[in-house]
Amino acid sequence: MKHLIILTTISLLIGCSQKEATDSTQPNINEIADKYIEVMFKFNPELGTFYGVDVDHSLLSDNTIEGIKKQEAVEDSMFSILNAVDEATLSKNDLITYKLLKGSIESSINNRICKNYLWDINQMNGFYTWFRYIANTQPVGDSSSRKDAISRWNKIPQFIKNNLENNRQGLETGYALPKVVIERVIEGLDQLSNLPLEQNPFYLPALKDTTSEFQSKMKAIVEEDIMPVVISYKEFLEKDYLPNARQNLSITNIPNGVACYETSLSGYTTLKENPETIFQWGEEAISIREKAIIDIGNEVYGKTDISDIKQAFKADSSNYFNSREEILATAEAAVKRAKLKVPEYFGLIPQADVIIEPIPEIEEKSAYSRYLPASDDGSTPATYIQQTYKPKTRTKGNIISTAFHETYPGHHLQIAISRELVNSHPVTKYIGNSGFSEGWARYTETLADEMGLYESKKQKLAMLMGLPTGMVVDPGIHFKNWTREEAIEYALSKQTSMTRDDAERYVDRIAVLPGQMTTYGVGEMFFLKLRKSAEKKFGDQFDVKEFHDRCLKNGTVQLDFVTEEINNWVNNK
């Protein structure tokens with residue numbers, strides 16, 4: 001998803017700065033948070049559309065380099081205001097709001113060294129994937145909404161041109177993306193260019209409105225204005241970018257790349273650990289899981305050598321699907337089982353439900369299963385998008401554990417709680433970090449076994465075989481400079497359920513999101529160790545429901561704040 005950027009107007013900044021200079025009282029954290037939300041959606045209006053909040057749905061954000069620089073200046077000013085806040089005077093809820101705001105802005109400021117806007121065209125979150133979500137949530141159905149949609153869609157060609165120019169400048173100044181990434185983007189744009197109009201993601205608003213005049217106008221914009229720019233972008237990538245793209249995957253090949261990786265790693269995990277430490281943690285975590293694999297593998301297949309167990313698992317036809325429909329049905333059944341069991345392990349239960357949809361065809365070769373939260377206004381439900389590509393290569397246990405990861409008791413439960421039940425400022429709904437969210441979701445894959453949600457030992461074995469290789473491969477690529485082939489071979493040697501295509505997508509994802517793939521294993525280790533420590537101190541008095549609620553009650557906060565919450569709970573008890 002598109003990164004949230006702190007934005008505001010010059011007049012607001014001047015007003016805040018003047019008050020700070022003339023008023024001896026410290027800034028009000030809730031007023032700052034109010035302004036954060038106001039200006040975030042004012043200057044990223046399409047993000048407001050995605051969340052279903054009341055914004056001007058006719059506008060797009062300014063993605064020119066000049067616009068980005070203005071945003072950075074605003075971040076600096078807001079960060080200065082937050083630095084004037086005395087933490088000791090804040091209530092518990094205000095302290096959560098303060099730490100989330102300050103941590104998010106500080107991470108964004110530190111990450112500027114990467115200049116991500118110069119190399120943001122990729123297979124994971126390029127404009128052609130992001131606008132699908134905007135198109136799905138763009139209001140239509142009345143004359144005012146149709147007018148806004150037409151106005152916004154008329155701005156899309158220039159938005160794409162701006163993105164092209166940013167990436168052209170990146171290519172010219174040493175911020176080139178890897179060749180394999182550009183090849184994936186070209187493939188995606190080529191597929192988009194050949195889609196029938198009714199399947200084109202840019203045409204989606206017209207499919208939600210039956211007014212023929214509106215449909216005709218949208219058709220003209222898409223075919224005559226947007227798609228020619230998309231084709232020009234593809235030609236630029238083919239003729240200019242691809243011959244000059246870099247071969248090496250490591251982010252250290254861009255200017256200040258070493259510092260970029262370190263700050264990106266810290267921003268994603270919310271920890272200060274160096275890449276070597278993360279790499280070592282990964283090897284330890286993999287070793288622990290492999291021992292568990294041997295124990296269950298011996299029960300299921302009568303083998304004690306991990307290579308033999310993996311080979312037997314791969315050769316077992318009962319572990320695989322026959323169709324896309326079977327994948328969807330299995331995932332839906334898993335989600336229903338998990339939802340019914342949740343009250344036994346959680347006191348905080350959100351109201352929001354989640355639906356399951358197959359991944360769009362245009363994304364299925366390079367994208368992953370993922371979760372999208374519900375809109376604030378309830379018009380769009382929370383959605384779990386299930387990968388169904390090549391069903392005969394997908395293992396049942398992996399599909400089921402991923403469903404738990406993305407819905408109950410993973411992302412959906414955690415995010416819905418943060419949006420519905422957290423008592424802090426509403427800003428907590430829009431700020432998060434991968435260390436918490438992905439770590440929690442990984443923790444719940446093993447929690448699902450404790451909850452009795454896996455229906456066979458083979459399913460549990462498949463879950464365990466989803467080793468936390470990201471903690472090794474990510475720093476392996478970006479810190480140890482592994483080649484693409486080295487990274488792929490390592491992933492294939494450890495991840496039993498991965499095909500060669502899967503491993504390539506996995507490695508290419510790490511190439512464009514340096515640091516992010518470590519968060520699954522790092523966060524999982526964090527929650528497991530935190531729980532183990534609490535269990536040791538409470539003994540028979542340990543309450544798993546209260547532990548889970550304490551972890552989730554404050555929203556998607558930095559991991560050190562979760563530690564404080566659990567330590568306070570233990571000490572007060």
# chains A, B, ... in the order shown; residues from 1 in each chain; ligands from 1
call {"tool": "closest_atom_pairs", "arguments": {"of": "stretch 119-191 of chain A", "to": "stretch 195-202 of chain A", "cutoff": "10 Å", "atoms": "only C-alpha atoms", "output": "Markdown table"}}
result
| residue | atom | partner | partner_atom | distance |
| --- | --- | --- | --- | --- |
| A:Tyr128 | CA | A:Pro201 | CA | 8.1 |
| A:Thr129 | CA | A:Pro201 | CA | 8.5 |
| A:Trp130 | CA | A:Pro201 | CA | 9.8 |
| A:Phe131 | CA | A:Phe202 | CA | 7.1 |
| A:Arg132 | CA | A:Pro201 | CA | 5.2 |
| A:Tyr133 | CA | A:Pro201 | CA | 8.6 |
| A:Ile134 | CA | A:Phe202 | CA | 9.0 |
| A:Ala135 | CA | A:Phe202 | CA | 6.4 |
| A:Asn136 | CA | A:Pro201 | CA | 8.3 |
| A:Trp153 | CA | A:Phe202 | CA | 8.4 |
| A:Ile156 | CA | A:Phe202 | CA | 9.5 |
| A:Asp190 | CA | A:Leu195 | CA | 8.9 |
| A:Gln191 | CA | A:Leu195 | CA | 6.4 |
call {"tool": "residues_around", "arguments": {"residues": "A:Leu513", "least_positions_apart": "3", "cutoff": "10 Å", "atoms": "only C-alpha atoms", "output": "PDB file with N, CA, C and O atoms, in the first residue's frame"}}
result
ATOM      1  N   ASP A 120      10.230   3.996  -7.497  1.00  0.00           N
ATOM      2  CA  ASP A 120       9.009   3.418  -6.932  1.00  0.00           C
ATOM      3  C   ASP A 120       8.131   2.698  -7.947  1.00  0.00           C
ATOM      4  O   ASP A 120       7.000   2.330  -7.642  1.00  0.00           O
ATOM      5  N   ASN A 122       7.376  -0.545  -9.394  1.00  0.00           N
ATOM      6  CA  ASN A 122       7.728  -1.947  -9.180  1.00  0.00           C
ATOM      7  C   ASN A 122       6.480  -2.812  -9.210  1.00  0.00           C
ATOM      8  O   ASN A 122       5.359  -2.310  -9.251  1.00  0.00           O
ATOM      9  N   MET A 124       5.141  -4.604  -6.973  1.00  0.00           N
ATOM     10  CA  MET A 124       4.386  -4.733  -5.737  1.00  0.00           C
ATOM     11  C   MET A 124       3.363  -3.616  -5.545  1.00  0.00           C
ATOM     12  O   MET A 124       2.234  -3.853  -5.129  1.00  0.00           O
ATOM     13  N   ILE A 251      20.221  -3.118  -2.412  1.00  0.00           N
ATOM     14  CA  ILE A 251      19.947  -1.684  -2.344  1.00  0.00           C
ATOM     15  C   ILE A 251      21.227  -0.895  -2.105  1.00  0.00           C
ATOM     16  O   ILE A 251      21.269   0.321  -2.331  1.00  0.00           O
ATOM     17  N   TYR A 261      19.594   0.952   3.667  1.00  0.00           N
ATOM     18  CA  TYR A 261      19.128  -0.347   4.156  1.00  0.00           C
ATOM     19  C   TYR A 261      18.971  -0.351   5.670  1.00  0.00           C
ATOM     20  O   TYR A 261      17.982  -0.855   6.210  1.00  0.00           O
ATOM     21  N   SER A 264      15.873   1.651   6.571  1.00  0.00           N
ATOM     22  CA  SER A 264      14.681   0.952   6.118  1.00  0.00           C
ATOM     23  C   SER A 264      14.377  -0.239   7.019  1.00  0.00           C
ATOM     24  O   SER A 264      13.224  -0.475   7.395  1.00  0.00           O
ATOM     25  N   LEU A 265      15.409  -0.962   7.393  1.00  0.00           N
ATOM     26  CA  LEU A 265      15.262  -2.107   8.287  1.00  0.00           C
ATOM     27  C   LEU A 265      14.710  -1.670   9.641  1.00  0.00           C
ATOM     28  O   LEU A 265      13.775  -2.278  10.185  1.00  0.00           O
ATOM     29  N   TYR A 268      10.942  -0.530   9.317  1.00  0.00           N
ATOM     30  CA  TYR A 268       9.973  -1.621   9.192  1.00  0.00           C
ATOM     31  C   TYR A 268       9.803  -2.386  10.499  1.00  0.00           C
ATOM     32  O   TYR A 268       8.685  -2.733  10.887  1.00  0.00           O
ATOM     33  N   ASP A 474      16.628 -11.474   3.241  1.00  0.00           N
ATOM     34  CA  ASP A 474      16.604 -10.014   3.112  1.00  0.00           C
ATOM     35  C   ASP A 474      17.984  -9.403   3.398  1.00  0.00           C
ATOM     36  O   ASP A 474      18.556  -8.717   2.541  1.00  0.00           O
ATOM     37  N   ASP A 508      12.398 -11.247  -5.702  1.00  0.00           N
ATOM     38  CA  ASP A 508      12.197  -9.967  -6.387  1.00  0.00           C
ATOM     39  C   ASP A 508      11.384  -8.995  -5.538  1.00  0.00           C
ATOM     40  O   ASP A 508      11.544  -7.781  -5.643  1.00  0.00           O
ATOM     41  N   ARG A 509      10.510  -9.528  -4.704  1.00  0.00           N
ATOM     42  CA  ARG A 509       9.794  -8.671  -3.752  1.00  0.00           C
ATOM     43  C   ARG A 509      10.776  -8.064  -2.745  1.00  0.00           C
ATOM     44  O   ARG A 509      10.707  -6.871  -2.441  1.00  0.00           O
ATOM     45  N   ILE A 510      11.671  -8.872  -2.221  1.00  0.00           N
ATOM     46  CA  ILE A 510      12.662  -8.377  -1.265  1.00  0.00           C
ATOM     47  C   ILE A 510      13.532  -7.300  -1.905  1.00  0.00           C
ATOM     48  O   ILE A 510      13.933  -6.330  -1.247  1.00  0.00           O
ATOM     49  N   GLN A 516      11.565  -5.154   4.641  1.00  0.00           N
ATOM     50  CA  GLN A 516      10.194  -5.500   5.003  1.00  0.00           C
ATOM     51  C   GLN A 516      10.013  -6.992   5.283  1.00  0.00           C
ATOM     52  O   GLN A 516       9.294  -7.375   6.211  1.00  0.00           O
ATOM     53  N   MET A 517      10.675  -7.848   4.518  1.00  0.00           N
ATOM     54  CA  MET A 517      10.462  -9.278   4.681  1.00  0.00           C
ATOM     55  C   MET A 517      11.030  -9.811   5.994  1.00  0.00           C
ATOM     56  O   MET A 517      10.666 -10.900   6.437  1.00  0.00           O
TER      57      MET A 517
END
call {"tool": "closest_residue", "arguments": {"among": "A:Thr395, A:His57, A:Phe279, A:Ser80", "to": "A:Ser318", "atoms": "only C-alpha atoms"}}
result
A:Thr395
call {"tool": "atom_distance", "arguments": {"atom1": "atom CA of A:Gly170", "atom2": "atom CA of A:Tyr241"}}
result
10.1 Å
call {"tool": "residues_around", "arguments": {"residues": "A:Asp34", "least_positions_apart": "6", "cutoff": "12 Å", "atoms": "only C-alpha atoms", "output": "MDAnalysis selection string"}}
result
chainID A and resid 8 28 40:41 97:98 101 425:428
call {"tool": "residues_around", "arguments": {"residues": "A:Ile221", "least_positions_apart": "6", "cutoff": "10 Å", "atoms": "only C-alpha atoms", "output": "ChimeraX atom specification"}}
result
/A:150,153-157,202-203,215,227
call {"tool": "closest_residue", "arguments": {"among": "A:Gln459, A:Asn163, A:Thr263, A:Ser145", "to": "A:Val300", "atoms": "only C-alpha atoms"}}
result
A:Gln459
call {"tool": "closest_residue", "arguments": {"among": "A:Tyr51, A:Trp482, A:Tyr233, A:Phe313", "to": "A:Gln247", "atoms": "only C-alpha atoms"}}
result
A:Trp482
call {"tool": "residues_around", "arguments": {"residues": "A:Ser369", "least_positions_apart": "4", "cutoff": "8 Å", "atoms": "only C-alpha atoms", "output": "JSON, numbers by chain"}}
result
{"A": [359, 384, 385, 386, 387, 402]}
call {"tool": "residues_around", "arguments": {"residues": "A:Arg484", "least_positions_apart": "6", "cutoff": "8 Å", "atoms": "only C-alpha atoms", "output": "PDB file with C-alpha atoms, in the first residue's frame"}}
result
ATOM      1  CA  ASN A 248      22.625  -6.629  -8.645  1.00  0.00           C
ATOM      2  CA  LEU A 249      19.587  -6.774  -6.353  1.00  0.00           C
ATOM      3  CA  ILE A 477      20.652  -9.732  -0.462  1.00  0.00           C
ATOM      4  CA  VAL A 507      13.325 -12.688  -3.970  1.00  0.00           C
TER       5      VAL A 507
END
call {"tool": "residues_around", "arguments": {"residues": "stretch 436-443 of chain A", "least_positions_apart": "5", "cutoff": "9 Å", "atoms": "only C-alpha atoms", "output": "list in words"}}
result
Thr269, Thr270, Thr402, Phe404, His405, Glu406, Thr407, Tyr408, Pro409, Gly410, His411, Gln414, Ile415, Ala448, Thr519, Tyr520, Gly521, Val522, Gly523, Glu524, Met525, Phe526, Phe527, Leu528, Thr556, Val557, Gln558, Leu559 and Val562 of chain A
call {"tool": "closest_residue", "arguments": {"among": "A:Asp225, A:Asp62, A:Glu273, A:Glu344", "to": "A:Met451", "atoms": "only C-alpha atoms"}}
result
A:Glu344
call {"tool": "closest_residue", "arguments": {"among": "A:Phe79, A:Glu172, A:Pro205, A:Tyr368", "to": "A:Ser107", "atoms": "only C-alpha atoms"}}
result
A:Phe79
call {"tool": "closest_residue", "arguments": {"among": "A:Arg246, A:Lys303, A:Lys341, A:Lys458", "to": "A:Tyr320", "atoms": "only C-alpha atoms"}}
result
A:Lys458
call {"tool": "closest_atom_pairs", "arguments": {"of": "stretch 96-188 of chain A", "to": "stretch 69-76 of chain A", "cutoff": "12 Å", "atoms": "only C-alpha atoms", "output": "JSON lines"}}
result
{"residue": "A:Leu101", "atom": "CA", "partner": "A:Glu75", "partner_atom": "CA", "distance": 10.8}
{"residue": "A:Lys102", "atom": "CA", "partner": "A:Glu75", "partner_atom": "CA", "distance": 10.2}
{"residue": "A:Gly103", "atom": "CA", "partner": "A:Glu75", "partner_atom": "CA", "distance": 11.9}
{"residue": "A:Ser104", "atom": "CA", "partner": "A:Glu75", "partner_atom": "CA", "distance": 10.2}
{"residue": "A:Ile105", "atom": "CA", "partner": "A:Glu75", "partner_atom": "CA", "distance": 6.6}
{"residue": "A:Glu106", "atom": "CA", "partner": "A:Glu75", "partner_atom": "CA", "distance": 8.7}
{"residue": "A:Ser107", "atom": "CA", "partner": "A:Glu75", "partner_atom": "CA", "distance": 10.7}
{"residue": "A:Ser108", "atom": "CA", "partner": "A:Glu75", "partner_atom": "CA", "distance": 8.4}
{"residue": "A:Ile109", "atom": "CA", "partner": "A:Glu75", "partner_atom": "CA", "distance": 7.4}
{"residue": "A:Asn110", "atom": "CA", "partner": "A:Asp76", "partner_atom": "CA", "distance": 10.9}
{"residue": "A:Asn111", "atom": "CA", "partner": "A:Glu72", "partner_atom": "CA", "distance": 11.1}
{"residue": "A:Arg112", "atom": "CA", "partner": "A:Glu72", "partner_atom": "CA", "distance": 8.7}
{"residue": "A:Ile113", "atom": "CA", "partner": "A:Glu72", "partner_atom": "CA", "distance": 12.0}
{"residue": "A:Lys115", "atom": "CA", "partner": "A:Lys69", "partner_atom": "CA", "distance": 10.9}
{"residue": "A:Tyr117", "atom": "CA", "partner": "A:Lys69", "partner_atom": "CA", "distance": 10.7}
